[in-house]
$ cat start-v7.cif   # mmCIF, C-alpha atoms and all ligand atoms
data_input
loop_
_atom_site.label_atom_id
_atom_site.label_comp_id
_atom_site.auth_asym_id
_atom_site.auth_seq_id
_atom_site.Cartn_x
_atom_site.Cartn_y
_atom_site.Cartn_z
CA MET A 670 210.66 36.39 -130.53
CA LYS A 671 214.47 36.74 -130.59
CA ARG A 672 216.75 34.21 -128.84
CA ILE A 673 219.32 36.24 -126.96
CA LEU A 674 222.43 35.01 -125.15
CA ILE A 675 223.80 37.13 -122.31
CA THR A 676 227.20 36.08 -120.95
CA GLY A 677 227.83 37.32 -117.42
CA GLY A 678 224.04 37.46 -117.09
CA ALA A 679 224.06 36.80 -113.33
CA GLY A 680 226.25 39.82 -112.66
CA PHE A 681 225.25 43.37 -111.79
CA LEU A 682 224.64 44.73 -115.31
CA GLY A 683 223.81 41.33 -116.83
CA SER A 684 220.90 40.67 -114.48
CA PHE A 685 219.23 43.98 -115.39
CA LEU A 686 219.78 43.23 -119.07
CA CYS A 687 218.20 39.74 -118.72
CA GLU A 688 215.22 41.32 -116.97
CA LYS A 689 214.75 44.05 -119.57
CA LEU A 690 215.08 41.77 -122.61
CA LEU A 691 212.63 39.25 -121.09
CA SER A 692 210.15 42.05 -120.41
CA GLU A 693 210.38 43.01 -124.10
CA GLY A 694 209.23 39.50 -125.07
CA ASN A 695 212.53 37.81 -125.92
CA ASP A 696 213.82 34.31 -125.16
CA VAL A 697 216.87 34.83 -122.92
CA ILE A 698 219.74 32.45 -122.18
CA CYS A 699 222.00 33.55 -119.33
CA VAL A 700 225.50 32.06 -119.26
CA ASP A 701 227.59 32.60 -116.12
CA ASN A 702 230.23 30.79 -114.07
CA PHE A 703 229.20 32.75 -110.94
CA TYR A 704 232.74 34.07 -110.43
CA THR A 705 231.38 37.43 -109.27
CA GLY A 706 227.72 36.98 -110.23
CA GLN A 707 225.05 35.75 -107.87
CA LYS A 708 222.01 33.53 -108.29
CA ALA A 709 220.11 36.01 -106.12
CA ASN A 710 220.38 38.57 -108.96
CA ILE A 711 218.35 36.38 -111.30
CA ALA A 712 216.32 34.19 -108.90
CA HIS A 713 213.19 36.22 -109.62
CA LEU A 714 213.49 35.37 -113.35
CA MET A 715 213.80 31.61 -112.95
CA SER A 716 210.07 30.89 -113.07
CA ASN A 717 209.81 32.54 -116.50
CA PRO A 718 209.67 29.77 -119.15
CA TYR A 719 211.55 32.01 -121.59
CA PHE A 720 214.56 32.29 -119.26
CA GLU A 721 217.36 29.71 -119.02
CA ILE A 722 220.60 29.63 -117.06
CA ILE A 723 223.70 27.73 -118.11
CA ARG A 724 226.58 27.48 -115.62
CA HIS A 725 229.53 27.77 -117.98
CA ASP A 726 232.94 29.44 -118.26
CA VAL A 727 233.19 31.36 -121.54
CA CYS A 728 236.85 30.36 -121.81
CA PHE A 729 235.46 27.07 -123.14
CA PRO A 730 233.42 26.75 -126.35
CA LEU A 731 229.66 26.94 -126.13
CA TYR A 732 227.13 25.53 -128.58
CA VAL A 733 223.72 27.20 -128.57
CA GLU A 734 221.50 28.61 -131.30
CA VAL A 735 220.83 32.32 -130.84
CA ASP A 736 220.08 35.50 -132.82
CA GLU A 737 221.98 37.98 -130.63
CA ILE A 738 224.81 37.83 -128.08
CA TYR A 739 225.61 40.38 -125.37
CA ASN A 740 229.12 39.51 -124.14
CA LEU A 741 229.39 40.80 -120.56
CA ALA A 742 231.31 37.94 -118.90
CA CYS A 743 234.32 39.42 -117.07
CA PRO A 744 234.91 40.52 -113.49
CA ALA A 745 234.65 44.32 -113.46
CA SER A 746 235.81 45.41 -110.02
CA PRO A 747 239.58 45.99 -109.60
CA ILE A 748 239.81 43.72 -106.52
CA HIS A 749 238.04 40.91 -108.36
CA TYR A 750 239.83 41.18 -111.68
CA GLN A 751 243.21 41.43 -109.91
CA PHE A 752 242.52 38.35 -107.74
CA ASP A 753 243.24 35.96 -110.65
CA PRO A 754 244.67 38.21 -113.38
CA VAL A 755 245.51 35.37 -115.78
CA GLN A 756 241.90 34.19 -115.69
CA THR A 757 240.77 37.81 -116.27
CA THR A 758 242.77 38.07 -119.49
CA LYS A 759 241.61 34.61 -120.57
CA THR A 760 237.99 35.58 -119.98
CA SER A 761 238.28 38.61 -122.25
CA VAL A 762 240.45 37.00 -124.92
CA HIS A 763 239.56 33.28 -124.98
CA GLY A 764 235.99 34.13 -123.97
CA GLY A 765 235.86 36.76 -126.72
CA ILE A 766 237.14 34.29 -129.34
CA ASN A 767 234.62 31.64 -128.26
CA MET A 768 231.68 34.02 -128.36
CA LEU A 769 232.80 35.48 -131.71
CA GLY A 770 233.18 31.93 -133.05
CA LEU A 771 229.66 31.15 -131.88
CA ALA A 772 228.33 34.34 -133.48
CA LYS A 773 230.07 33.41 -136.73
CA ARG A 774 228.62 29.88 -136.78
CA VAL A 775 225.03 30.92 -136.08
CA LYS A 776 225.29 34.33 -137.85
CA ALA A 777 224.31 36.17 -134.68
CA LYS A 778 224.81 39.86 -134.01
CA ILE A 779 227.24 40.35 -131.09
CA LEU A 780 227.79 43.21 -128.64
CA GLN A 781 230.92 43.55 -126.51
CA ALA A 782 230.81 45.17 -123.06
CA SER A 783 234.08 47.09 -123.35
CA THR A 784 235.20 49.73 -120.93
CA SER A 785 236.52 53.24 -120.41
CA GLU A 786 239.63 51.44 -119.08
CA VAL A 787 240.75 51.09 -122.71
CA TYR A 788 241.68 54.80 -122.36
CA GLY A 789 243.87 53.98 -119.33
CA ASP A 790 245.00 57.10 -117.46
CA PRO A 791 243.74 59.41 -120.21
CA LEU A 792 245.70 62.35 -121.57
CA VAL A 793 242.64 63.58 -123.51
CA HIS A 794 239.69 64.89 -121.54
CA PRO A 795 236.79 64.20 -121.88
CA GLN A 796 237.48 60.91 -123.63
CA VAL A 797 236.36 60.60 -127.25
CA GLU A 798 236.17 57.26 -129.07
CA SER A 799 238.95 58.30 -131.46
CA TYR A 800 241.44 58.60 -128.56
CA TRP A 801 243.75 55.54 -128.44
CA GLY A 802 244.44 55.75 -124.74
CA ASN A 803 247.34 55.74 -122.29
CA VAL A 804 247.53 52.22 -120.90
CA ASN A 805 250.25 50.51 -118.88
CA PRO A 806 250.72 47.06 -120.49
CA THR A 807 252.47 45.48 -117.48
CA GLY A 808 250.74 46.87 -114.39
CA LEU A 809 248.17 45.48 -111.95
CA ARG A 810 245.24 46.78 -114.02
CA SER A 811 246.66 45.54 -117.33
CA CYS A 812 244.93 42.13 -117.20
CA TYR A 813 241.63 43.96 -117.42
CA ASP A 814 242.59 46.92 -119.62
CA GLU A 815 244.66 44.99 -122.14
CA GLY A 816 242.25 42.03 -122.10
CA LYS A 817 239.42 44.38 -123.05
CA ARG A 818 241.58 46.13 -125.67
CA CYS A 819 242.47 42.78 -127.23
CA ALA A 820 238.79 41.81 -127.20
CA GLU A 821 238.00 45.00 -129.15
CA THR A 822 240.72 44.06 -131.67
CA LEU A 823 239.17 40.61 -132.06
CA PHE A 824 235.71 42.08 -132.58
CA PHE A 825 236.92 44.38 -135.34
CA ASP A 826 238.99 41.62 -137.01
CA TYR A 827 235.99 39.25 -137.02
CA HIS A 828 233.97 42.10 -138.50
CA ARG A 829 236.52 42.82 -141.26
CA GLN A 830 237.56 39.22 -141.91
CA HIS A 831 234.29 37.33 -141.43
CA LYS A 832 231.74 40.12 -141.96
CA LEU A 833 230.34 39.61 -138.46
CA ARG A 834 227.78 42.15 -137.26
CA ILE A 835 229.44 43.68 -134.19
CA LYS A 836 228.69 46.40 -131.64
CA VAL A 837 231.28 47.65 -129.15
CA ALA A 838 230.15 49.67 -126.12
CA ARG A 839 232.76 51.43 -123.97
CA ILE A 840 231.09 51.59 -120.57
CA PHE A 841 232.06 54.24 -118.02
CA ASN A 842 231.59 53.67 -114.25
CA THR A 843 228.05 52.38 -113.77
CA TYR A 844 226.38 51.76 -110.41
CA GLY A 845 223.06 50.67 -108.95
CA PRO A 846 221.24 47.98 -106.98
CA ARG A 847 222.55 44.39 -107.18
CA MET A 848 226.21 45.37 -107.01
CA HIS A 849 227.85 42.80 -104.76
CA LEU A 850 228.06 43.81 -101.08
CA ARG A 851 231.83 43.24 -101.27
CA ASP A 852 232.14 44.37 -104.90
CA GLY A 853 234.95 46.74 -103.99
CA ARG A 854 234.01 49.48 -106.44
CA VAL A 855 233.68 52.95 -105.06
CA VAL A 856 229.91 53.54 -105.03
CA SER A 857 229.00 50.27 -103.30
CA ASN A 858 231.99 50.55 -100.92
CA PHE A 859 231.00 54.05 -99.78
CA ILE A 860 227.30 53.20 -99.39
CA VAL A 861 227.98 50.03 -97.41
CA GLN A 862 230.50 51.83 -95.20
CA ALA A 863 228.10 54.73 -94.62
CA LEU A 864 225.16 52.47 -93.76
CA ARG A 865 227.35 50.66 -91.22
CA ASP A 866 228.73 53.95 -89.82
CA GLU A 867 232.23 52.69 -90.71
CA ASP A 868 235.07 54.86 -92.01
CA ILE A 869 234.67 55.90 -95.66
CA THR A 870 237.88 54.85 -97.42
CA VAL A 871 238.93 57.53 -99.88
CA TYR A 872 242.01 56.36 -101.79
CA GLY A 873 244.59 59.13 -102.14
CA GLU A 874 243.35 62.68 -101.55
CA GLY A 875 240.10 61.94 -103.38
CA ASN A 876 240.81 64.53 -106.11
CA GLN A 877 240.61 61.89 -108.84
CA THR A 878 237.37 62.09 -110.82
CA ARG A 879 234.84 59.63 -112.20
CA SER A 880 231.51 60.07 -114.01
CA PHE A 881 228.79 57.78 -112.66
CA CYS A 882 225.98 56.33 -114.75
CA TYR A 883 222.87 54.74 -113.23
CA VAL A 884 222.26 51.17 -114.36
CA ASP A 885 218.84 51.78 -116.02
CA ASP A 886 220.36 54.39 -118.34
CA LEU A 887 223.20 52.07 -119.29
CA ILE A 888 220.89 49.14 -120.12
CA ASP A 889 218.80 51.42 -122.32
CA GLY A 890 222.00 52.41 -124.15
CA PHE A 891 223.04 48.77 -124.63
CA ILE A 892 219.74 47.81 -126.25
CA ARG A 893 219.67 50.90 -128.45
CA LEU A 894 223.19 50.08 -129.66
CA MET A 895 222.29 46.45 -130.41
CA ASN A 896 219.30 47.66 -132.46
CA THR A 897 221.25 50.14 -134.63
CA PRO A 898 221.75 49.43 -138.37
CA ASP A 899 224.60 47.04 -139.22
CA ASP A 900 226.97 49.80 -140.37
CA ILE A 901 227.12 51.14 -136.80
CA THR A 902 229.75 49.07 -135.03
CA GLY A 903 231.04 51.50 -132.43
CA PRO A 904 233.09 51.76 -130.37
CA VAL A 905 230.54 53.99 -128.65
CA ASN A 906 231.02 55.55 -125.22
CA LEU A 907 228.13 54.86 -122.82
CA GLY A 908 228.25 56.78 -119.57
CA ASN A 909 227.03 59.83 -117.71
CA PRO A 910 229.16 62.92 -118.46
CA SER A 911 228.52 64.51 -115.02
CA GLU A 912 231.95 64.33 -113.40
CA PHE A 913 232.64 64.27 -109.65
CA THR A 914 235.71 63.92 -107.47
CA ILE A 915 235.79 60.84 -105.26
CA LEU A 916 235.74 63.16 -102.24
CA GLU A 917 232.52 64.77 -103.52
CA LEU A 918 231.01 61.32 -103.92
CA ALA A 919 231.94 60.42 -100.32
CA GLN A 920 230.34 63.62 -99.04
CA LYS A 921 227.16 63.01 -101.05
CA VAL A 922 226.84 59.45 -99.75
CA ILE A 923 227.28 60.62 -96.14
CA ALA A 924 224.64 63.33 -96.62
CA LEU A 925 222.12 61.01 -98.31
CA THR A 926 222.49 58.21 -95.75
CA GLY A 927 222.62 60.54 -92.71
CA SER A 928 225.65 58.51 -91.65
CA ARG A 929 228.01 59.22 -88.73
CA SER A 930 230.93 57.86 -90.83
CA LYS A 931 234.21 59.77 -91.06
CA ILE A 932 236.23 60.09 -94.25
CA VAL A 933 239.70 58.49 -93.98
CA ASN A 934 242.44 58.51 -96.61
CA LYS A 935 244.05 55.24 -97.77
CA PRO A 936 246.92 54.76 -100.23
CA LEU A 937 246.05 55.33 -103.87
CA PRO A 938 246.22 52.03 -105.84
CA PRO A 939 248.88 51.94 -108.61
CA ASP A 940 247.83 53.23 -112.05
CA ASP A 941 244.58 54.66 -110.68
CA PRO A 942 243.31 56.97 -113.46
CA VAL A 943 243.32 60.64 -112.44
CA GLN A 944 240.23 61.71 -114.34
CA ARG A 945 237.51 60.15 -116.39
CA GLN A 946 234.57 61.63 -118.27
CA PRO A 947 232.88 60.30 -121.39
CA ASP A 948 232.26 62.40 -124.46
CA ILE A 949 228.86 61.01 -125.51
CA THR A 950 228.36 63.04 -128.69
CA LEU A 951 228.42 59.82 -130.76
CA ALA A 952 225.84 58.01 -128.58
CA LYS A 953 223.59 61.06 -128.69
CA SER A 954 223.68 61.26 -132.48
CA LYS A 955 223.70 57.53 -133.43
CA LEU A 956 221.59 56.05 -130.61
CA ASN A 957 219.55 59.12 -129.71
CA TRP A 958 220.64 58.27 -126.15
CA GLN A 959 221.70 60.20 -123.11
CA PRO A 960 221.50 59.37 -119.40
CA LYS A 961 218.43 60.63 -117.56
CA VAL A 962 219.12 59.73 -113.92
CA PRO A 963 221.10 62.34 -111.95
CA LEU A 964 223.65 61.07 -109.40
CA GLU A 965 221.59 61.92 -106.31
CA GLU A 966 218.51 60.11 -107.60
CA GLY A 967 220.51 57.01 -108.55
CA LEU A 968 222.35 57.04 -105.24
CA LYS A 969 219.05 57.17 -103.33
CA LYS A 970 217.78 54.05 -105.17
CA THR A 971 221.09 52.25 -104.61
CA ILE A 972 221.16 53.21 -100.91
CA GLU A 973 217.62 51.83 -100.55
CA TYR A 974 218.76 48.52 -102.04
CA PHE A 975 221.78 48.21 -99.75
CA ARG A 976 219.70 49.13 -96.68
CA GLN A 977 217.55 46.07 -97.40
CA VAL A 978 220.51 43.78 -98.13
CA ILE A 979 222.37 44.82 -94.98
P1 LIG B 1001 229.98 41.80 -112.53
O1 LIG B 1001 231.27 41.30 -111.95
O2 LIG B 1001 228.82 41.99 -111.61
O3 LIG B 1001 229.50 40.85 -113.71
C1 LIG B 1001 230.36 40.04 -114.46
C2 LIG B 1001 229.69 38.69 -114.64
O4 LIG B 1001 230.52 37.86 -115.47
C3 LIG B 1001 229.53 37.93 -113.32
O5 LIG B 1001 228.22 37.41 -113.23
C4 LIG B 1001 230.59 36.83 -113.40
O6 LIG B 1001 230.26 35.71 -112.62
C5 LIG B 1001 230.62 36.56 -114.89
N1 LIG B 1001 231.87 35.95 -115.35
C6 LIG B 1001 233.13 36.34 -115.06
N2 LIG B 1001 234.02 35.54 -115.68
C7 LIG B 1001 233.28 34.62 -116.39
C8 LIG B 1001 233.63 33.52 -117.22
N3 LIG B 1001 234.90 33.20 -117.48
N4 LIG B 1001 232.62 32.80 -117.78
C9 LIG B 1001 231.32 33.10 -117.52
N5 LIG B 1001 230.94 34.12 -116.73
C10 LIG B 1001 231.92 34.88 -116.17
O7 LIG B 1001 230.31 43.17 -113.28
P2 LIG B 1001 229.38 44.20 -114.08
O8 LIG B 1001 229.60 45.52 -113.51
O9 LIG B 1001 228.02 43.67 -114.23
O10 LIG B 1001 230.11 44.19 -115.50
C11 LIG B 1001 229.58 43.49 -116.63
C12 LIG B 1001 230.45 43.78 -117.85
O11 LIG B 1001 230.46 45.18 -118.12
C13 LIG B 1001 231.91 43.34 -117.68
O12 LIG B 1001 232.36 42.81 -118.89
C14 LIG B 1001 232.61 44.65 -117.38
O13 LIG B 1001 233.95 44.61 -117.79
C15 LIG B 1001 231.80 45.65 -118.17
N6 LIG B 1001 231.91 47.00 -117.60
C16 LIG B 1001 231.22 47.33 -116.47
C17 LIG B 1001 231.38 48.60 -115.94
C18 LIG B 1001 230.63 49.05 -114.71
O14 LIG B 1001 230.87 50.17 -114.26
N7 LIG B 1001 229.72 48.30 -114.14
C19 LIG B 1001 232.24 49.52 -116.55
C20 LIG B 1001 232.94 49.12 -117.68
C21 LIG B 1001 232.76 47.86 -118.20
N1 LIG B 1002 238.06 54.35 -104.54
C1 LIG B 1002 238.12 54.91 -103.28
N2 LIG B 1002 237.69 54.17 -102.22
C2 LIG B 1002 237.17 52.92 -102.36
C3 LIG B 1002 237.10 52.35 -103.65
C4 LIG B 1002 237.57 53.10 -104.73
O1 LIG B 1002 238.58 56.04 -103.11
O2 LIG B 1002 236.78 52.33 -101.32
C5 LIG B 1002 238.52 55.14 -105.70
C6 LIG B 1002 239.51 54.44 -106.63
O3 LIG B 1002 240.83 54.63 -106.19
C7 LIG B 1002 239.22 55.15 -107.95
C8 LIG B 1002 237.74 55.48 -107.89
O4 LIG B 1002 237.39 55.41 -106.51
O5 LIG B 1002 239.95 56.36 -108.02
C9 LIG B 1002 236.87 54.53 -108.67
O6 LIG B 1002 237.23 53.22 -108.30
P1 LIG B 1002 236.44 51.92 -108.80
O7 LIG B 1002 237.15 50.74 -108.23
O8 LIG B 1002 235.00 52.07 -108.49
O9 LIG B 1002 236.55 51.94 -110.38
P2 LIG B 1002 237.69 52.34 -111.44
O10 LIG B 1002 237.09 53.48 -112.17
O11 LIG B 1002 238.95 52.75 -110.73
O12 LIG B 1002 237.87 51.12 -112.24
#
$ encode --input "start-v7.cif" --output "structure tokens" --more "lines below"
Ligand code: NAD
Ligand code: UDP
Amino acid sequence: MKRILITGGAGFLGSFLCEKLLSEGNDVICVDNFYTGQKANIAHLMSNPYFEIIRHDVCFPLYVEVDEIYNLACPASPIHYQFDPVQTTKTSVHGGINMLGLAKRVKAKILQASTSEVYGDPLVHPQVESYWGNVNPTGLRSCYDEGKRCAETLFFDYHRQHKLRIKVARIFNTYGPRMHLRDGRVVSNFIVQALRDEDITVYGEGNQTRSFCYVDDLIDGFIRLMNTPDDITGPVNLGNPSEFTILELAQKVIALTGSRSKIVNKPLPPDDPVQRQPDITLAKSKLNWQPKVPLEEGLKKTIEYFRQVI
């Protein structure tokens, strides 16, 4: 039985990861300060004697004994990470240092939940891991993008300097049940608006693209990456290469919900990336992984969840 620490374990992705690792017979410690996470996401796990929750901010040191660490703590939605941008950078950087320090002390393997945002508004399409990105260092999204970039730097320096076993996953837009009702990201926004017959808020003309991965696929990729031999550090892109415009997504959500909602255009947020699509050649070859759930199927499951929540 492995002892596994998941920071941000009460969040959207973290809660699915806790569930999956418990079901595989591991001892799971979930650390979360509930900034964007919710107890409801993990309430069903609390009766399991191999599951523990610690309310803790990763910006402060943590002393536990574990074999593996999945470092997911960080608000992921633009409205949440821009609400307190200094705290966002601290979470990635101070939190990263604390978790790396912990991994060093207990000789644990550690995986970082990095992001496609490290590519910024990409000039290379689709994005390959070798692309260094096009990131604004002083804009509204920088607290998140640069925080995550600095965290990657720290991971690789701990690997080179202290021989830490690291894994870096660059996650592209992932969606599914348990996203917060007011998460603010596009999939949950559109579904909630459609189910309430409210206007669907497309920012800009909706020609910008994203590639949406269903949560189950992503979690499978995480665990495969953690279990790779030590010489595989990443960064590895994890995401679904099927690319859609935001307008196409809005139309799909309206069709699947049978909503009476109308599409309205709102101003495009600053530095909003124009296009985003992962090149997953590396994940396919090193992890033998590729997403299985097509957008419509994942949307149906997510719509079902939000119908119940609403
Ligand atoms: P989320 O907001 O649902 O989860 C983040 C979790 O981290 C929450 O439970 C929150 O309370 C917790 N947290 C935040 N700051 C903390 C702190 N200082 N100390 C302890 N806990 C803290 O978001 P998510 O979508 O589940 O994202 C999880 C991770 O994956 C994040 O690191 C995010 O950057 C990364 N990621 C997600 C996506 C995606 O599309 N879902 C894409 C790229 C990267
Ligand atoms: N978006 C939108 N309407 C919304 C929320 C988001 O049109 O109600 C757009 C946003 O401008 C971006 C895309 O959808 O172009 C994805 O946004 P999200 O916040 O989900 O994630 P991002 O990939 O930008 O971090």
$ atom_distance --input "start-v7.cif" --atom1 "atom C5 of ligand LIG 1002 (chain B)" --atom2 "CA of Ile892 in chain A"
28.8 Å
$ atom_distance --input "start-v7.cif" --atom1 "CA of Val978 in chain A" --atom2 "atom C16 of ligand LIG 1001 (chain B)"
21.5 Å
$ residues_around --input "start-v7.cif" --residues "Gly680 in chain A" --least-positions-apart "4" --cutoff "7 Å" --atoms "all atoms listed in the file" --output "PyMOL selection string"
chain A and resi 684+705-707
$ closest_atom_pairs --input "start-v7.cif" --of "range 702-778 of chain A" --to "range 798-812 of chain A" --cutoff "10 Å" --atoms "all atoms listed in the file" --output "JSON lines"
{"residue": "A:Pro747", "atom": "CA", "partner": "A:Arg810", "partner_atom": "CA", "distance": 7.2}
{"residue": "A:Ile748", "atom": "CA", "partner": "A:Arg810", "partner_atom": "CA", "distance": 9.8}
{"residue": "A:Tyr750", "atom": "CA", "partner": "A:Cys812", "partner_atom": "CA", "distance": 7.6}
{"residue": "A:Gln751", "atom": "CA", "partner": "A:Leu809", "partner_atom": "CA", "distance": 6.7}
{"residue": "A:Asp753", "atom": "CA", "partner": "A:Cys812", "partner_atom": "CA", "distance": 9.2}
{"residue": "A:Pro754", "atom": "CA", "partner": "A:Cys812", "partner_atom": "CA", "distance": 5.5}
{"residue": "A:Val755", "atom": "CA", "partner": "A:Cys812", "partner_atom": "CA", "distance": 6.9}
{"residue": "A:Gln756", "atom": "CA", "partner": "A:Cys812", "partner_atom": "CA", "distance": 8.6}
{"residue": "A:Thr757", "atom": "CA", "partner": "A:Cys812", "partner_atom": "CA", "distance": 6.1}
{"residue": "A:Thr758", "atom": "CA", "partner": "A:Cys812", "partner_atom": "CA", "distance": 5.1}
{"residue": "A:Lys759", "atom": "CA", "partner": "A:Cys812", "partner_atom": "CA", "distance": 8.9}
{"residue": "A:Thr760", "atom": "CA", "partner": "A:Cys812", "partner_atom": "CA", "distance": 9.9}
{"residue": "A:Ser761", "atom": "CA", "partner": "A:Cys812", "partner_atom": "CA", "distance": 9.1}
$ residues_near_ligand --input "start-v7.cif" --ligand "ligand LIG 1001 (chain B)" --cutoff "6 Å" --atoms "only C-alpha atoms and all ligand atoms" --output "MDAnalysis selection string"
chainID A and resid 676:683 701:706 725:728 741:745 760 782:784 840:843
$ write_last_selection --input "start-v7.cif" --atoms "C-alpha atoms" --output "compact mmCIF listing (two decimals), keeping the file's coordinate frame"
# COMPACT_ATOMS: atom_id res chain seq x y z
CA THR A 676 227.20 36.08 -120.95
CA GLY A 677 227.83 37.32 -117.42
CA GLY A 678 224.04 37.46 -117.09
CA ALA A 679 224.06 36.80 -113.33
CA GLY A 680 226.25 39.82 -112.66
CA PHE A 681 225.25 43.37 -111.79
CA LEU A 682 224.64 44.73 -115.31
CA GLY A 683 223.81 41.33 -116.83
CA ASP A 701 227.59 32.60 -116.12
CA ASN A 702 230.23 30.79 -114.07
CA PHE A 703 229.20 32.75 -110.94
CA TYR A 704 232.74 34.07 -110.43
CA THR A 705 231.38 37.43 -109.27
CA GLY A 706 227.72 36.98 -110.23
CA HIS A 725 229.53 27.77 -117.98
CA ASP A 726 232.94 29.44 -118.26
CA VAL A 727 233.19 31.36 -121.54
CA CYS A 728 236.85 30.36 -121.81
CA LEU A 741 229.39 40.80 -120.56
CA ALA A 742 231.31 37.94 -118.90
CA CYS A 743 234.32 39.42 -117.07
CA PRO A 744 234.91 40.52 -113.49
CA ALA A 745 234.65 44.32 -113.46
CA THR A 760 237.99 35.58 -119.98
CA ALA A 782 230.81 45.17 -123.06
CA SER A 783 234.08 47.09 -123.35
CA THR A 784 235.20 49.73 -120.93
CA ILE A 840 231.09 51.59 -120.57
CA PHE A 841 232.06 54.24 -118.02
CA ASN A 842 231.59 53.67 -114.25
CA THR A 843 228.05 52.38 -113.77
$ residues_around --input "start-v7.cif" --residues "range 848-854 of chain A" --least-positions-apart "2" --cutoff "6 Å" --atoms "all atoms listed in the file" --output "PyMOL selection string"
chain A and resi 681+746+846+856-858
$ residues_near_ligand --input "start-v7.cif" --ligand "ligand LIG 1002 (chain B)" --cutoff "10 Å" --atoms "only C-alpha atoms and all ligand atoms" --output "PyMOL selection string"
chain A and resi 745-749+784-786+789+810+813-814+841-844+852-862+868-881+914-916+918-919+933-945
$ residues_around --input "start-v7.cif" --residues "Ile766 in chain A" --least-positions-apart "6" --cutoff "12 Å" --atoms "all atoms listed in the file" --output "PyMOL selection string"
chain A and resi 727-731+740+758-760+772-773+779+781+816+819-827
$ atom_distance --input "start-v7.cif" --atom1 "CA of Val793 in chain A" --atom2 "CA of Leu951 in chain A"
16.4 Å
$ closest_residue --input "start-v7.cif" --among "A:Lys953, A:Arg893, A:Lys969, A:Lys836" --to "Ala924 in chain A" --atoms "only C-alpha atoms"
A:Lys969
$ closest_residue --input "start-v7.cif" --among "A:Leu968, A:Thr902, A:Leu771, A:Pro947" --to "Glu734 in chain A" --atoms "all atoms listed in the file"
A:Leu771
$ closest_residue --input "start-v7.cif" --among "A:Asp696, A:Glu815, A:Asp866, A:Glu917" --to "Val762 in chain A" --atoms "all atoms listed in the file"
A:Glu815
$ closest_residue --input "start-v7.cif" --among "A:Ile972, A:Ala952, A:Cys687, A:Ile932" --to "Ile888 in chain A" --atoms "all atoms listed in the file"
A:Cys687
$ closest_residue --input "start-v7.cif" --among "A:Gly694, A:Pro963, A:Gly903, A:Gly770" --to "Val797 in chain A" --atoms "all atoms listed in the file"
A:Gly903
$ axis_aligned_box --input "start-v7.cif" --around "range 944-960 of chain A" --padding-each-side "4 Å" --output "AutoDock Vina command-line options"
--center_x 229.9 --center_y 59.5 --center_z -123.9 --size_x 28.7 --size_y 15.0 --size_z 27.1
